[in-house]
Amino acid sequence: MTSLTSRTTWQALENHFGDLKNVHLRDLFANDPSRGTRLTLEAVGLYLDYSKNRVKDETIQLLLELAKDAGVSAKINAMFSGEKINITENRAVLHSALRAPRGSSIVVDGVNVVPEVHAVLDKMAAFADQIRSGAWLGFTGKRIKTIVNIGIGGSDLGPVMAYKALGFYSQRNLECRFVSNVDGTDFVEATRDLNPEETLFIVCSKTFTTLETMTNANSARAWCLKSLNDDAAVARHFVAVSTNALEVAKFGIDTNNMFGFWDWVGGRYSMDSAVGLSLMIAIGQDNFRQMLEGFHDMDTHFQTAPLEQNMPVLMALLGLWYNNFFDAQSLAVLPYDHYLTYFSAYLQQLDMESNGKHITLEGQTVDYQTGPVIWGQPGTNGQHAFYQLIHQGTKLIPCDFIGFMQSLNPLEPHHDILMANVFAQTQALAFGKTAEEVARDGIKPELIPHRAFDGNRPSNTLLAEKLTPHCLGALIALYEHKVFVQGAIWDINSFDQWGVELGKVLAQKIEPELSSETEPKLEHDSSTNALITKYRNSRK
Ligand code: F6P
């Protein structure tokens, strides 16, 4: 296969970049009065304004040519039809099956998986109803008041993000907490004011072997049994979400209280599987199912819309344009909704664990940039922290702004102020303020360079009517598929994560070395030996 950078479609973009890199958004807008309405797209209740990107129509055409040349459409079909596109693990990639409507059919290894998906959803729904209604009682006959999800990575970030995002819809006499870090502080602080009789733990782990999760789960069991004093209590206070029934049973959780999923769901793509059990308990099955519909509607859009009107494809191509031609290193995701506090953190794993790769599907080292660093915080907090660098620093940081027409908590005049800031920020980034404009404000000449803004800093604006469960599902699926398209063009496997393994293996070797002052003799590099020795000495 011809390497990506030697394709004519890539080289055409390189040439075009030479022509475009010094063109200012001010001129692009001045020369095209309809740009702000023309370079927009609506899908599944999301409105994307991509006019404030450093692109001309020709840029979009060339990027679309690249996508076609890279076989994006065929790769989309391969994923949705259950081909084993995760080649290093020989697995299908079918998170889309998690939201496939009842009655549809997606076949993996000769089995239609949709009925299994719905069987688990129904089991989750029945359990969630029992917790929400108080029908499920703890070991001593008390109602469950707090649900503690123990998991990490995809078994934590999705549930915690969505629990916060859909907090408006949650049943307020129940609280979910999330323990992920192996730092004991996380568990101790999460449980310090809880009564074990009223607490349910969801041990959430695809593999059920993850060190952090199993350490926290063991501490949770000990914490529970210290008060309840009877192994039989575990069955009333622990349930599991996993693909590994054997390990779940070994831990002592009744496999009737296990909610399964499948190896064709990657951890970071699993929040709409049983991994979302805590969320379903919080918001109820109807809201959860509406979220799934949002995911599914975006899946359908992604699968069926032509590439030029395909929102995940366009967002992927715009991101690639900055990543590979402007050498931008990161993408800031800036949701202007307090409920989306953890959205950027969630996208960090989704994007960086998926596309943080440098080996192609054919096993070659890439000679181009792959996945960007994802970061961000909800507005307007970030404005008073890091936006300075985005506006006037030396780095080009493309931004995704996300806003909603209606607030779920319409407290006058907050929402207009919030949204005015979305529009103002994208405007300031794109158009800046010239030295002449600053001078016209009567600013002293020596201060003019400090107070001028170059502008020409690109952003997307995503608007939706209201942060509903459906909208959240659509938004997450949008980013899932965007990440997919970029990985498809970069010719990498977006669905494995071997890069996290080495650190895990080394930690397992080092951990027993910490408990003794002298044994075993340390045989690492001199830095690691010295650090371990210092730690050992402090334990004396
Ligand atoms: O170590 C990375 C990782 O495998 C993630 O991909 C995954 O989401 C996380 O660990 C947790 O894994 P598990 O759900 O198996 O505990």
# chains A, B, ... in the order shown; residues from 1 in each chain; ligands from 1
>>> residues_around(residues="range 115-131 of chain A", least_positions_apart="5", cutoff="8 Å", atoms="only C-alpha atoms", output="PyMOL selection string")
chain A and resi 97-98+102-103+136-137+143-144+259-261+273-274+277+280-281+284-285
>>> select_by_dssp(residues="range 311-435 of chain A", states="helix (DSSP H, G or I)", output="number ranges by chain")
A: 311-324, 338-340, 343-355, 381-384, 387-392, 414-431, 435
>>> residues_around(residues="range 15-29 of chain A", least_positions_apart="5", cutoff="10 Å", atoms="only C-alpha atoms", output="PDB file with all heavy atoms, in the first residue's frame")
ATOM      1  N   TRP A  10      -2.469  13.418  -0.639  1.00  0.00           N
ATOM      2  CA  TRP A  10      -1.767  14.054   0.487  1.00  0.00           C
ATOM      3  C   TRP A  10      -0.897  15.198  -0.037  1.00  0.00           C
ATOM      4  O   TRP A  10      -0.869  16.296   0.509  1.00  0.00           O
ATOM      5  CB  TRP A  10      -0.899  13.005   1.203  1.00  0.00           C
ATOM      6  CG  TRP A  10      -0.217  13.515   2.442  1.00  0.00           C
ATOM      7  CD1 TRP A  10       0.970  14.210   2.496  1.00  0.00           C
ATOM      8  CD2 TRP A  10      -0.665  13.393   3.793  1.00  0.00           C
ATOM      9  NE1 TRP A  10       1.289  14.515   3.798  1.00  0.00           N
ATOM     10  CE2 TRP A  10       0.296  14.023   4.615  1.00  0.00           C
ATOM     11  CE3 TRP A  10      -1.779  12.804   4.394  1.00  0.00           C
ATOM     12  CZ2 TRP A  10       0.173  14.077   6.010  1.00  0.00           C
ATOM     13  CZ3 TRP A  10      -1.900  12.871   5.789  1.00  0.00           C
ATOM     14  CH2 TRP A  10      -0.929  13.499   6.573  1.00  0.00           C
ATOM     15  N   SER A  34     -21.488  34.854   2.828  1.00  0.00           N
ATOM     16  CA  SER A  34     -22.355  33.768   3.293  1.00  0.00           C
ATOM     17  C   SER A  34     -21.577  32.679   4.032  1.00  0.00           C
ATOM     18  O   SER A  34     -22.152  31.658   4.426  1.00  0.00           O
ATOM     19  CB  SER A  34     -23.102  33.155   2.106  1.00  0.00           C
ATOM     20  OG  SER A  34     -22.166  32.509   1.269  1.00  0.00           O
ATOM     21  N   ARG A  35     -20.284  32.898   4.214  1.00  0.00           N
ATOM     22  CA  ARG A  35     -19.438  31.840   4.793  1.00  0.00           C
ATOM     23  C   ARG A  35     -19.996  31.300   6.122  1.00  0.00           C
ATOM     24  O   ARG A  35     -20.004  30.100   6.373  1.00  0.00           O
ATOM     25  CB  ARG A  35     -18.022  32.399   4.992  1.00  0.00           C
ATOM     26  CG  ARG A  35     -17.029  31.370   5.498  1.00  0.00           C
ATOM     27  CD  ARG A  35     -15.630  31.978   5.654  1.00  0.00           C
ATOM     28  NE  ARG A  35     -14.752  31.052   6.348  1.00  0.00           N
ATOM     29  CZ  ARG A  35     -13.953  30.167   5.743  1.00  0.00           C
ATOM     30  NH1 ARG A  35     -13.900  30.115   4.425  1.00  0.00           N
ATOM     31  NH2 ARG A  35     -13.216  29.345   6.452  1.00  0.00           N
ATOM     32  N   GLY A  36     -20.451  32.219   6.962  1.00  0.00           N
ATOM     33  CA  GLY A  36     -20.901  31.838   8.309  1.00  0.00           C
ATOM     34  C   GLY A  36     -22.142  30.962   8.328  1.00  0.00           C
ATOM     35  O   GLY A  36     -22.428  30.293   9.315  1.00  0.00           O
ATOM     36  N   SER A  51     -17.215  27.348   9.966  1.00  0.00           N
ATOM     37  CA  SER A  51     -16.750  28.450   9.106  1.00  0.00           C
ATOM     38  C   SER A  51     -15.504  29.127   9.660  1.00  0.00           C
ATOM     39  O   SER A  51     -14.737  29.731   8.913  1.00  0.00           O
ATOM     40  CB  SER A  51     -17.879  29.473   8.929  1.00  0.00           C
ATOM     41  OG  SER A  51     -18.202  30.062  10.171  1.00  0.00           O
ATOM     42  N   LYS A  52     -15.297  29.042  10.976  1.00  0.00           N
ATOM     43  CA  LYS A  52     -14.131  29.734  11.554  1.00  0.00           C
ATOM     44  C   LYS A  52     -12.901  28.813  11.538  1.00  0.00           C
ATOM     45  O   LYS A  52     -12.098  28.818  12.465  1.00  0.00           O
ATOM     46  CB  LYS A  52     -14.456  30.223  12.968  1.00  0.00           C
ATOM     47  CG  LYS A  52     -15.523  31.338  13.000  1.00  0.00           C
ATOM     48  CD  LYS A  52     -15.604  31.983  14.364  1.00  0.00           C
ATOM     49  CE  LYS A  52     -16.671  33.056  14.476  1.00  0.00           C
ATOM     50  NZ  LYS A  52     -17.967  32.545  14.957  1.00  0.00           N
ATOM     51  N   ASN A  53     -12.819  27.995  10.506  1.00  0.00           N
ATOM     52  CA  ASN A  53     -11.629  27.181  10.294  1.00  0.00           C
ATOM     53  C   ASN A  53     -10.835  27.748   9.132  1.00  0.00           C
ATOM     54  O   ASN A  53     -11.396  28.361   8.221  1.00  0.00           O
ATOM     55  CB  ASN A  53     -12.026  25.731   9.978  1.00  0.00           C
ATOM     56  CG  ASN A  53     -12.361  24.970  11.243  1.00  0.00           C
ATOM     57  OD1 ASN A  53     -11.487  24.655  12.027  1.00  0.00           O
ATOM     58  ND2 ASN A  53     -13.646  24.701  11.450  1.00  0.00           N
ATOM     59  N   ARG A  54      -9.534  27.508   9.156  1.00  0.00           N
ATOM     60  CA  ARG A  54      -8.663  28.057   8.113  1.00  0.00           C
ATOM     61  C   ARG A  54      -8.738  27.170   6.862  1.00  0.00           C
ATOM     62  O   ARG A  54      -7.788  26.473   6.522  1.00  0.00           O
ATOM     63  CB  ARG A  54      -7.252  28.192   8.674  1.00  0.00           C
ATOM     64  CG  ARG A  54      -7.228  29.273   9.746  1.00  0.00           C
ATOM     65  CD  ARG A  54      -5.946  29.324  10.509  1.00  0.00           C
ATOM     66  NE  ARG A  54      -4.832  29.771   9.698  1.00  0.00           N
ATOM     67  CZ  ARG A  54      -3.632  30.038  10.200  1.00  0.00           C
ATOM     68  NH1 ARG A  54      -3.425  29.922  11.512  1.00  0.00           N
ATOM     69  NH2 ARG A  54      -2.644  30.420   9.422  1.00  0.00           N
ATOM     70  N   VAL A  55      -9.895  27.206   6.261  1.00  0.00           N
ATOM     71  CA  VAL A  55     -10.126  26.381   5.078  1.00  0.00           C
ATOM     72  C   VAL A  55     -10.866  27.182   4.013  1.00  0.00           C
ATOM     73  O   VAL A  55     -11.633  28.088   4.323  1.00  0.00           O
ATOM     74  CB  VAL A  55     -10.979  25.126   5.403  1.00  0.00           C
ATOM     75  CG1 VAL A  55     -10.224  24.167   6.296  1.00  0.00           C
ATOM     76  CG2 VAL A  55     -12.328  25.493   6.039  1.00  0.00           C
ATOM     77  N   LYS A  56     -10.614  26.801   2.774  1.00  0.00           N
ATOM     78  CA  LYS A  56     -11.433  27.283   1.655  1.00  0.00           C
ATOM     79  C   LYS A  56     -12.248  26.090   1.177  1.00  0.00           C
ATOM     80  O   LYS A  56     -11.973  24.948   1.587  1.00  0.00           O
ATOM     81  CB  LYS A  56     -10.536  27.744   0.515  1.00  0.00           C
ATOM     82  CG  LYS A  56      -9.751  29.002   0.813  1.00  0.00           C
ATOM     83  CD  LYS A  56      -8.927  29.364  -0.413  1.00  0.00           C
ATOM     84  CE  LYS A  56      -8.263  30.708  -0.216  1.00  0.00           C
ATOM     85  NZ  LYS A  56      -7.337  31.018  -1.298  1.00  0.00           N
ATOM     86  N   GLU A  58     -11.882  24.662  -1.503  1.00  0.00           N
ATOM     87  CA  GLU A  58     -10.908  23.746  -2.108  1.00  0.00           C
ATOM     88  C   GLU A  58     -10.254  22.845  -1.052  1.00  0.00           C
ATOM     89  O   GLU A  58     -10.005  21.664  -1.293  1.00  0.00           O
ATOM     90  CB  GLU A  58      -9.842  24.586  -2.823  1.00  0.00           C
ATOM     91  CG  GLU A  58      -8.894  23.756  -3.635  1.00  0.00           C
ATOM     92  CD  GLU A  58      -7.705  24.575  -4.167  1.00  0.00           C
ATOM     93  OE1 GLU A  58      -7.726  25.829  -4.087  1.00  0.00           O
ATOM     94  OE2 GLU A  58      -6.752  23.934  -4.631  1.00  0.00           O
ATOM     95  N   THR A  59     -10.020  23.424   0.133  1.00  0.00           N
ATOM     96  CA  THR A  59      -9.406  22.631   1.218  1.00  0.00           C
ATOM     97  C   THR A  59     -10.300  21.441   1.554  1.00  0.00           C
ATOM     98  O   THR A  59      -9.841  20.311   1.687  1.00  0.00           O
ATOM     99  CB  THR A  59      -9.239  23.488   2.501  1.00  0.00           C
ATOM    100  OG1 THR A  59      -8.930  24.819   2.149  1.00  0.00           O
ATOM    101  CG2 THR A  59      -8.206  22.889   3.426  1.00  0.00           C
ATOM    102  N   LEU A  62     -10.187  18.826  -1.101  1.00  0.00           N
ATOM    103  CA  LEU A  62      -8.944  18.034  -1.076  1.00  0.00           C
ATOM    104  C   LEU A  62      -8.936  17.070   0.109  1.00  0.00           C
ATOM    105  O   LEU A  62      -8.474  15.933   0.002  1.00  0.00           O
ATOM    106  CB  LEU A  62      -7.725  18.968  -1.022  1.00  0.00           C
ATOM    107  CG  LEU A  62      -7.485  19.802  -2.291  1.00  0.00           C
ATOM    108  CD1 LEU A  62      -6.385  20.831  -2.070  1.00  0.00           C
ATOM    109  CD2 LEU A  62      -7.118  18.884  -3.464  1.00  0.00           C
ATOM    110  N   TRP A 321      -6.316  18.309   9.298  1.00  0.00           N
ATOM    111  CA  TRP A 321      -5.732  19.469   8.593  1.00  0.00           C
ATOM    112  C   TRP A 321      -4.779  20.228   9.526  1.00  0.00           C
ATOM    113  O   TRP A 321      -3.648  20.562   9.153  1.00  0.00           O
ATOM    114  CB  TRP A 321      -6.890  20.335   8.094  1.00  0.00           C
ATOM    115  CG  TRP A 321      -6.596  21.614   7.373  1.00  0.00           C
ATOM    116  CD1 TRP A 321      -7.136  22.835   7.660  1.00  0.00           C
ATOM    117  CD2 TRP A 321      -5.765  21.815   6.215  1.00  0.00           C
ATOM    118  NE1 TRP A 321      -6.702  23.775   6.771  1.00  0.00           N
ATOM    119  CE2 TRP A 321      -5.850  23.177   5.874  1.00  0.00           C
ATOM    120  CE3 TRP A 321      -4.960  20.975   5.455  1.00  0.00           C
ATOM    121  CZ2 TRP A 321      -5.147  23.733   4.800  1.00  0.00           C
ATOM    122  CZ3 TRP A 321      -4.265  21.520   4.376  1.00  0.00           C
ATOM    123  CH2 TRP A 321      -4.356  22.883   4.060  1.00  0.00           C
ATOM    124  N   PHE A 325      -0.844  19.333   8.901  1.00  0.00           N
ATOM    125  CA  PHE A 325      -0.309  20.348   7.991  1.00  0.00           C
ATOM    126  C   PHE A 325       0.106  21.603   8.753  1.00  0.00           C
ATOM    127  O   PHE A 325       1.161  22.159   8.489  1.00  0.00           O
ATOM    128  CB  PHE A 325      -1.320  20.626   6.875  1.00  0.00           C
ATOM    129  CG  PHE A 325      -1.512  19.396   6.023  1.00  0.00           C
ATOM    130  CD1 PHE A 325      -2.528  18.480   6.295  1.00  0.00           C
ATOM    131  CD2 PHE A 325      -0.629  19.099   4.993  1.00  0.00           C
ATOM    132  CE1 PHE A 325      -2.676  17.317   5.546  1.00  0.00           C
ATOM    133  CE2 PHE A 325      -0.766  17.928   4.238  1.00  0.00           C
ATOM    134  CZ  PHE A 325      -1.782  17.034   4.518  1.00  0.00           C
ATOM    135  N   PHE A 326      -0.673  22.014   9.741  1.00  0.00           N
ATOM    136  CA  PHE A 326      -0.292  23.178  10.549  1.00  0.00           C
ATOM    137  C   PHE A 326       0.600  22.777  11.733  1.00  0.00           C
ATOM    138  O   PHE A 326       0.988  23.615  12.514  1.00  0.00           O
ATOM    139  CB  PHE A 326      -1.531  23.890  11.097  1.00  0.00           C
ATOM    140  CG  PHE A 326      -2.270  24.729  10.088  1.00  0.00           C
ATOM    141  CD1 PHE A 326      -3.179  24.160   9.218  1.00  0.00           C
ATOM    142  CD2 PHE A 326      -2.066  26.100  10.020  1.00  0.00           C
ATOM    143  CE1 PHE A 326      -3.876  24.922   8.291  1.00  0.00           C
ATOM    144  CE2 PHE A 326      -2.765  26.882   9.111  1.00  0.00           C
ATOM    145  CZ  PHE A 326      -3.672  26.293   8.235  1.00  0.00           C
ATOM    146  N   LEU A 429     -11.020  34.729  18.726  1.00  0.00           N
ATOM    147  CA  LEU A 429      -9.973  33.827  18.225  1.00  0.00           C
ATOM    148  C   LEU A 429      -9.822  33.973  16.706  1.00  0.00           C
ATOM    149  O   LEU A 429      -8.707  34.023  16.188  1.00  0.00           O
ATOM    150  CB  LEU A 429     -10.305  32.367  18.564  1.00  0.00           C
ATOM    151  CG  LEU A 429     -10.117  31.973  20.030  1.00  0.00           C
ATOM    152  CD1 LEU A 429     -10.761  30.628  20.311  1.00  0.00           C
ATOM    153  CD2 LEU A 429      -8.636  31.930  20.394  1.00  0.00           C
ATOM    154  N   ALA A 430     -10.923  34.059  16.007  1.00  0.00           N
ATOM    155  CA  ALA A 430     -10.861  34.090  14.541  1.00  0.00           C
ATOM    156  C   ALA A 430     -10.354  35.437  14.025  1.00  0.00           C
ATOM    157  O   ALA A 430      -9.515  35.491  13.137  1.00  0.00           O
ATOM    158  CB  ALA A 430     -12.239  33.793  13.961  1.00  0.00           C
ATOM    159  N   PHE A 431     -10.903  36.516  14.589  1.00  0.00           N
ATOM    160  CA  PHE A 431     -10.661  37.824  13.969  1.00  0.00           C
ATOM    161  C   PHE A 431      -9.627  38.653  14.707  1.00  0.00           C
ATOM    162  O   PHE A 431      -9.020  39.552  14.130  1.00  0.00           O
ATOM    163  CB  PHE A 431     -11.987  38.586  13.838  1.00  0.00           C
ATOM    164  CG  PHE A 431     -12.990  37.810  13.029  1.00  0.00           C
ATOM    165  CD1 PHE A 431     -14.030  37.124  13.632  1.00  0.00           C
ATOM    166  CD2 PHE A 431     -12.845  37.719  11.655  1.00  0.00           C
ATOM    167  CE1 PHE A 431     -14.926  36.376  12.881  1.00  0.00           C
ATOM    168  CE2 PHE A 431     -13.737  36.967  10.899  1.00  0.00           C
ATOM    169  CZ  PHE A 431     -14.780  36.287  11.507  1.00  0.00           C
ATOM    170  N   GLY A 432      -9.430  38.371  15.987  1.00  0.00           N
ATOM    171  CA  GLY A 432      -8.438  39.102  16.757  1.00  0.00           C
ATOM    172  C   GLY A 432      -8.719  40.589  16.814  1.00  0.00           C
ATOM    173  O   GLY A 432      -9.869  41.038  16.649  1.00  0.00           O
ATOM    174  N   ASP A 454      -3.579  38.631  17.111  1.00  0.00           N
ATOM    175  CA  ASP A 454      -3.417  38.239  15.702  1.00  0.00           C
ATOM    176  C   ASP A 454      -4.690  37.636  15.129  1.00  0.00           C
ATOM    177  O   ASP A 454      -4.961  37.759  13.939  1.00  0.00           O
ATOM    178  CB  ASP A 454      -2.317  37.181  15.556  1.00  0.00           C
ATOM    179  CG  ASP A 454      -0.964  37.732  15.932  1.00  0.00           C
ATOM    180  OD1 ASP A 454      -0.817  38.974  15.896  1.00  0.00           O
ATOM    181  OD2 ASP A 454      -0.070  36.930  16.266  1.00  0.00           O
ATOM    182  N   GLY A 455      -5.428  36.903  15.952  1.00  0.00           N
ATOM    183  CA  GLY A 455      -6.578  36.166  15.411  1.00  0.00           C
ATOM    184  C   GLY A 455      -6.098  35.010  14.540  1.00  0.00           C
ATOM    185  O   GLY A 455      -4.990  34.493  14.711  1.00  0.00           O
ATOM    186  N   ASN A 456      -6.962  34.593  13.612  1.00  0.00           N
ATOM    187  CA  ASN A 456      -6.665  33.468  12.716  1.00  0.00           C
ATOM    188  C   ASN A 456      -6.484  32.169  13.491  1.00  0.00           C
ATOM    189  O   ASN A 456      -5.738  31.290  13.074  1.00  0.00           O
ATOM    190  CB  ASN A 456      -5.434  33.756  11.851  1.00  0.00           C
ATOM    191  CG  ASN A 456      -5.616  33.230  10.442  1.00  0.00           C
ATOM    192  OD1 ASN A 456      -6.730  32.855  10.046  1.00  0.00           O
ATOM    193  ND2 ASN A 456      -4.531  33.164   9.682  1.00  0.00           N
ATOM    194  N   ARG A 457      -7.140  32.090  14.631  1.00  0.00           N
ATOM    195  CA  ARG A 457      -7.071  30.873  15.460  1.00  0.00           C
ATOM    196  C   ARG A 457      -8.392  30.125  15.287  1.00  0.00           C
ATOM    197  O   ARG A 457      -9.460  30.665  15.569  1.00  0.00           O
ATOM    198  CB  ARG A 457      -6.790  31.251  16.915  1.00  0.00           C
ATOM    199  CG  ARG A 457      -5.366  31.850  16.964  1.00  0.00           C
ATOM    200  CD  ARG A 457      -4.972  32.557  18.196  1.00  0.00           C
ATOM    201  NE  ARG A 457      -3.736  33.275  17.915  1.00  0.00           N
ATOM    202  CZ  ARG A 457      -2.587  33.119  18.560  1.00  0.00           C
ATOM    203  NH1 ARG A 457      -2.514  32.277  19.554  1.00  0.00           N
ATOM    204  NH2 ARG A 457      -1.521  33.817  18.220  1.00  0.00           N
ATOM    205  N   PRO A 458      -8.300  28.911  14.809  1.00  0.00           N
ATOM    206  CA  PRO A 458      -9.512  28.224  14.327  1.00  0.00           C
ATOM    207  C   PRO A 458     -10.357  27.591  15.428  1.00  0.00           C
ATOM    208  O   PRO A 458      -9.839  27.186  16.481  1.00  0.00           O
ATOM    209  CB  PRO A 458      -8.930  27.118  13.440  1.00  0.00           C
ATOM    210  CG  PRO A 458      -7.585  26.845  14.006  1.00  0.00           C
ATOM    211  CD  PRO A 458      -7.081  28.140  14.594  1.00  0.00           C
TER     212      PRO A 458
END
>>> closest_residue(among="A:Ile397, A:Ile150, A:Met214, A:Leu331", to="Ser278 in chain A", atoms="only C-alpha atoms")
A:Ile150
>>> closest_residue(among="A:Gln508, A:Ala165, A:Asn310, A:Val265", to="His338 in chain A", atoms="only C-alpha atoms")
A:Ala165
>>> residues_near_ligand(ligand="ligand 1", cutoff="6 Å", atoms="only C-alpha atoms and all ligand atoms", output="MDAnalysis selection string")
chainID A and resid 152:155 205:208 210 267:268 500
>>> write_last_selection(atoms="N, CA, C and O atoms", output="compact mmCIF listing (two decimals), in the first residue's frame")
# COMPACT_ATOMS: atom_id res chain seq x y z
N ILE A 152 -11.82 1.80 36.36
CA ILE A 152 -10.82 2.79 35.93
C ILE A 152 -10.81 2.86 34.41
O ILE A 152 -11.27 1.92 33.74
N GLY A 153 -10.29 3.94 33.87
CA GLY A 153 -10.26 4.10 32.41
C GLY A 153 -11.69 4.07 31.86
O GLY A 153 -12.58 4.73 32.39
N GLY A 154 -11.91 3.25 30.86
CA GLY A 154 -13.23 3.18 30.25
C GLY A 154 -14.31 2.71 31.21
O GLY A 154 -15.49 2.96 31.00
N SER A 155 -13.92 2.03 32.27
CA SER A 155 -14.90 1.54 33.24
C SER A 155 -15.19 2.57 34.33
O SER A 155 -15.88 2.28 35.31
N SER A 205 -15.34 -3.79 35.48
CA SER A 205 -14.05 -4.04 34.83
C SER A 205 -14.26 -5.04 33.71
O SER A 205 -14.71 -6.17 33.96
N LYS A 206 -13.91 -4.64 32.52
CA LYS A 206 -14.07 -5.55 31.38
C LYS A 206 -13.32 -6.85 31.65
O LYS A 206 -13.85 -7.94 31.50
N THR A 207 -12.08 -6.73 32.09
CA THR A 207 -11.24 -7.91 32.28
C THR A 207 -11.38 -8.53 33.66
O THR A 207 -11.08 -9.69 33.87
N PHE A 208 -11.80 -7.74 34.64
CA PHE A 208 -11.86 -8.12 36.05
C PHE A 208 -10.48 -8.55 36.57
O PHE A 208 -10.37 -9.35 37.50
N THR A 210 -7.91 -5.85 36.38
CA THR A 210 -7.17 -4.59 36.46
C THR A 210 -6.77 -4.31 37.91
O THR A 210 -7.61 -4.33 38.82
N GLY A 267 -12.96 -0.89 25.99
CA GLY A 267 -13.24 -0.22 27.27
C GLY A 267 -13.67 1.23 27.09
O GLY A 267 -14.66 1.68 27.67
N ARG A 268 -12.96 1.96 26.24
CA ARG A 268 -13.27 3.39 26.08
C ARG A 268 -14.50 3.62 25.22
O ARG A 268 -14.91 4.77 25.02
N VAL A 500 -0.16 0.86 27.14
CA VAL A 500 -0.33 0.97 28.60
C VAL A 500 0.24 -0.25 29.32
O VAL A 500 0.28 -0.28 30.55
>>> select_by_dssp(residues="range 185-237 of chain A", states="strand (DSSP E or B)", output="JSON, numbers by chain")
{"A": [199, 200, 201, 202, 203, 204]}
>>> write_last_selection(atoms="all heavy atoms", output="mmCIF file, in the first residue's frame")
data_model
loop_
_atom_site.group_PDB
_atom_site.id
_atom_site.type_symbol
_atom_site.label_atom_id
_atom_site.label_comp_id
_atom_site.auth_asym_id
_atom_site.auth_seq_id
_atom_site.Cartn_x
_atom_site.Cartn_y
_atom_site.Cartn_z
ATOM 1 N N THR A 199 -25.154 0.923 51.067
ATOM 2 C CA THR A 199 -24.231 1.183 49.948
ATOM 3 C C THR A 199 -24.164 -0.024 49.023
ATOM 4 O O THR A 199 -24.056 -1.165 49.476
ATOM 5 C CB THR A 199 -22.808 1.485 50.497
ATOM 6 O OG1 THR A 199 -22.914 2.577 51.411
ATOM 7 C CG2 THR A 199 -21.839 1.829 49.386
ATOM 8 N N LEU A 200 -24.219 0.263 47.736
ATOM 9 C CA LEU A 200 -24.060 -0.805 46.736
ATOM 10 C C LEU A 200 -22.793 -0.519 45.930
ATOM 11 O O LEU A 200 -22.605 0.594 45.437
ATOM 12 C CB LEU A 200 -25.256 -0.807 45.775
ATOM 13 C CG LEU A 200 -25.127 -1.803 44.625
ATOM 14 C CD1 LEU A 200 -25.520 -3.217 45.084
ATOM 15 C CD2 LEU A 200 -25.985 -1.380 43.437
ATOM 16 N N PHE A 201 -21.930 -1.527 45.810
ATOM 17 C CA PHE A 201 -20.730 -1.376 44.985
ATOM 18 C C PHE A 201 -20.963 -2.043 43.633
ATOM 19 O O PHE A 201 -21.417 -3.198 43.571
ATOM 20 C CB PHE A 201 -19.515 -2.027 45.659
ATOM 21 C CG PHE A 201 -19.052 -1.275 46.875
ATOM 22 C CD1 PHE A 201 -19.463 -1.669 48.148
ATOM 23 C CD2 PHE A 201 -18.230 -0.173 46.744
ATOM 24 C CE1 PHE A 201 -19.054 -0.966 49.271
ATOM 25 C CE2 PHE A 201 -17.813 0.544 47.864
ATOM 26 C CZ PHE A 201 -18.224 0.140 49.137
ATOM 27 N N ILE A 202 -20.623 -1.312 42.582
ATOM 28 C CA ILE A 202 -20.595 -1.919 41.243
ATOM 29 C C ILE A 202 -19.125 -2.077 40.881
ATOM 30 O O ILE A 202 -18.421 -1.083 40.713
ATOM 31 C CB ILE A 202 -21.290 -1.026 40.198
ATOM 32 C CG1 ILE A 202 -22.747 -0.765 40.585
ATOM 33 C CG2 ILE A 202 -21.197 -1.657 38.818
ATOM 34 C CD1 ILE A 202 -23.490 0.181 39.635
ATOM 35 N N VAL A 203 -18.663 -3.302 40.827
ATOM 36 C CA VAL A 203 -17.270 -3.518 40.427
ATOM 37 C C VAL A 203 -17.284 -3.655 38.908
ATOM 38 O O VAL A 203 -17.835 -4.612 38.356
ATOM 39 C CB VAL A 203 -16.649 -4.759 41.101
ATOM 40 C CG1 VAL A 203 -15.177 -4.859 40.729
ATOM 41 C CG2 VAL A 203 -16.822 -4.683 42.607
ATOM 42 N N CYS A 204 -16.697 -2.662 38.273
ATOM 43 C CA CYS A 204 -16.861 -2.504 36.833
ATOM 44 C C CYS A 204 -15.502 -2.681 36.157
ATOM 45 O O CYS A 204 -14.615 -1.841 36.301
ATOM 46 C CB CYS A 204 -17.414 -1.098 36.615
ATOM 47 S SG CYS A 204 -17.961 -0.752 34.975
#
>>> atom_distance(atom1="CA of Arg38 in chain A", atom2="CA of Leu66 in chain A")
22.0 Å
